[in-house]
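Visitor: Below you'll find the structure I mean.
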Amino acid sequence: MQCNKTLSGVTLFYQKVMYSFEGDFRRKPQQNLAGASAQRKTDRDALILQSQQQRQKREEHRRRLNSTIKIQAYVRSYLTRKHSKQYEREKFDYIFPKTNPDNQVLVSSLVSKILFFYDEQKDYNRLISISQLLLKQWQKVFQSGGSSIQIRRLLVLHLRLLREESEVSLAVPLRMLEVFTSLQSAESSMSYEEAVNVIGGSFFYLIKRGYFKDLCNLMCQRTPPLYGHSPNPPTPLCGALLDLIQRPINLTTQINTIEYEDTVMTEFTSAFLCNPYPEPVEMYMLPALAMDPNRRFPFISFVRSMQDESKFTSGKLVNDSWLLHSVLSLEPPGFADYLRGADHARLANNPTVIEYLKVLARLTENVCNKQITYEYEDSLYSQETAADKDEDSDSEVEPNPTSVREQSLLTRCIEMINEPERCVMVACSQINENDLCEDFLEGISKICHNLLLSHKMALHKYRLLYTLAFKPPFVRGVWRWLSGMSQASSFGGPGTPLLAVLSRGVGAPGVGRLLAPLAVFCALFTLLIGTLHDAEFFRDGDDKPTV
């Protein structure tokens, strides 16, 4: 009985298992939808930092790869060029001993090879050898017009030899420059117009690559000590260097190209005439350029090259005492008579004179900006200044930043401006009321204003100032010019005179232009009024004012 109950229980269990099957015969995997990071419990900042570090590693790898590629490219390029230059150098050494000087094609090929592989440490002798070969056949070189570019590049290599402070012989480099920049040499093989174009192009190419600066450095190195101003060369080398300096300058009168003229005169001024120039420039070159009767210095082109104010603001030219002295020193004797004969117009209306006055007005700012002490002005100041100096000796004196040499230079500049035969003095001595244009009055006013600021007794000491003070037409012209200056009205009506604006103490954009001529007028009229009679303030019988 008990056994039957057990069997029936087992049978019932199997029946439940077999007849209640729902398909879940294995356990399902459990998946966490939050991801594996949730299990590790990593915060957000750590993930951002990890991603950033990975990006930086990838970027660093890319940079390293690009740097490696560039370095390898540069190394391969250098090695290729080095091997190519060495190959061409060996080829040059093999061909040159067998070269026929009359074979211009082969000579031109040798020149192109040395221009390709030239190295200052290795190829100096090769450069001298090919240059000597060219000097022997210089006429044929000029006849073959296609070699002019090669000759210019070859001359640049010789300029580098002049630039180095080594014991290199200057014979061949200077001879190359003398022959292949000579207008007479070029004329023997071509027409005059072609020669001017070829030589002008060569100079234009050289000047842009430091021609004047290299010659200036060489002149300073090879000129012995000088004991006074003289136009005569102290050594034959100085004479040869001066000739090389004058050649491109003199071509400005034959090449009617504004770009050539402006480039040559600007580079010449920057290399020689700006900044404290050395002794050979002051004592030899400037007198030689100013006094050479055979080659007249192109002073008009020189003045024209300094009209652009951007050259001074950009630093290409320096507005200093040395440039002022150079301009006054290079003014040719009889310049005013030359202009009067060439233009047949009065000097006050001459465009060249007006341009010259603008240049002097800008440069004479150095006279009023520098402190000129009395002991360097013996020719200008009387002994009265010594007493004034003794009276002021107890007071504190500020240190003078201007060097003794610059003070002496400025004193000579003031002397030259006030010389009777100078262009400025001649133009001012021939003033008529009909000649006083606005540009002339503006230039003269600025010059006079700078001179007035240079010394407290300038009105009585400087010839230019008291000459203009005793010229009533000039004083009247300045006053009419001042009275005519006006400020445009904002409402479209008539302009307001700047004198009225200034008298009310109101600032205006054009008042700055008024100050210099107004100060000059007041100073000149103060000196003039002491010499006038009361009757001269009234009108005469013809209703014409005398003052």
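How things are named: the first chain in the structure tokens is A, the next is B, and so on; residues count from 1 in each chain; ligands count from 1 in the order shown.
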Report the residues of range 262-501 of chain A whose backbone DSSP state falls under strand (DSSP E), written as a ChimeraX atom specification.

Guide: /A:486-487,496-497

Visitor: Excluding same-chain residues fewer than 6 positions from Val367 in chain A, what lies within 7 Å of it counting only C-alpha atoms, as a list of chain:residue names?

Guide: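 Neighbouring residues, sequence-local ones excluded: A:Leu410, A:Asn450, A:Leu451, A:Ser454.
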
Visitor: To one decimal in Å, tell me the separation between CA of Glu259 in chain A and CA of Ala288 in chain A.

Guide: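 These atoms are spaced 26.1 Å apart.
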
Visitor: Mind the document's chain letters and residue numbers, and return as a PyMOL selection string the residues of range 59-259 of chain A that DSSP labels helix (DSSP H, G or I).

Guide: chain A and resi 59-98+104-117+124-136+138-143+145-163+171-180+183-187+192-207+211-222+236-253+258-259

Visitor: Take CA of Leu65 in chain A and CA of Leu47 in chain A and report the distance between them in Å, one decimal.

Guide: 27.2 Å

Visitor: For each of A:Gly484, A:Pro517, A:Pro497, A:Gly315, take the minimum atom-to-atom distance to Phe440 in chain A, counting only C-alpha atoms, then give the residue where this is smallest.

Guide: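 Going through A:Gly484, A:Pro517, A:Pro497, A:Gly315 one by one, the smallest distance to Phe440 in chain A is for A:Pro517.
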
Visitor: Quick one: pull the distance between CA of Val359 in chain A and CA of Ala336 in chain A, Å, one decimal.

Guide: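 Answer for the CA of Val359 in chain A to CA of Ala336 in chain A separation: 16.1 Å.
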
Visitor: Excluding Asp320 in chain A and any residue of its chain fewer than 3 positions from it, enumerate the residues within 12 Å of it, using only C-alpha atoms, and give them as a short mmCIF file (atom, residue, chain, number, x, y, z; two decimals) with C-alpha atoms, in the first residue's frame.

Guide:
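Result saved to around-v9.cif:
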data_model
loop_
_atom_site.label_atom_id
_atom_site.label_comp_id
_atom_site.auth_asym_id
_atom_site.auth_seq_id
_atom_site.Cartn_x
_atom_site.Cartn_y
_atom_site.Cartn_z
CA SER A 270 70.46 106.06 -46.77
CA LEU A 273 74.22 110.79 -45.79
CA CYS A 274 72.03 109.62 -42.89
CA ASN A 275 73.19 108.84 -39.36
CA PRO A 276 76.62 109.99 -38.09
CA TYR A 277 78.65 109.41 -41.22
CA PHE A 312 61.12 109.03 -43.10
CA GLY A 315 62.89 104.43 -41.36
CA LEU A 317 65.66 107.73 -44.40
CA LEU A 323 71.21 114.71 -43.50
CA LEU A 324 70.62 118.46 -43.08
CA HIS A 325 74.35 119.09 -43.34
CA SER A 326 74.60 116.84 -46.39
CA VAL A 327 71.79 118.65 -48.22
CA LEU A 360 64.71 122.22 -45.51
CA ARG A 362 61.49 119.22 -42.45
CA LEU A 363 65.23 118.90 -41.79
CA THR A 364 65.67 122.16 -39.86
CA GLU A 365 63.57 120.66 -37.08
CA ASN A 366 66.89 119.25 -35.86
CA VAL A 367 68.13 122.80 -35.20
CA CYS A 368 65.38 123.53 -32.67
CA ASN A 369 65.29 120.01 -31.20
CA LYS A 370 69.00 120.03 -30.28
CA THR A 402 73.89 116.55 -28.09
CA GLU A 406 76.78 117.30 -33.74
CA LEU A 409 77.70 120.34 -37.40
CA LEU A 410 74.45 122.20 -36.61
CA CYS A 413 74.30 124.25 -41.01
#

Visitor: Which residue, A:Cys220, A:Met291, A:Phe302, A:Gly530, has the smallest gap to Thr252 in chain A when you use only C-alpha atoms?

Guide: A:Phe302

Visitor: Please list as a PyMOL selection string every residue within 10 Å of range 120-135 of chain A, counting only C-alpha atoms and excluding residues in the same chain fewer than 5 positions away.

Guide: chain A and resi 89+92-93+96+99-101+104+107-108+110-111+114-115+140-141+151+154-155+157-158+160-161+168+171-173+175-176+179-180

Visitor: What's the 8 Å shell around range 471-479 of chain A, counting only C-alpha atoms, without same-chain residues fewer than 6 positions away, as a list in words?

Guide: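 Listing them by chain and then by number gives Ile431, Asn432, Glu433, Leu436, Leu441, Pro517, Phe521, Leu524, Phe525, Thr546 and Val547 of chain A.
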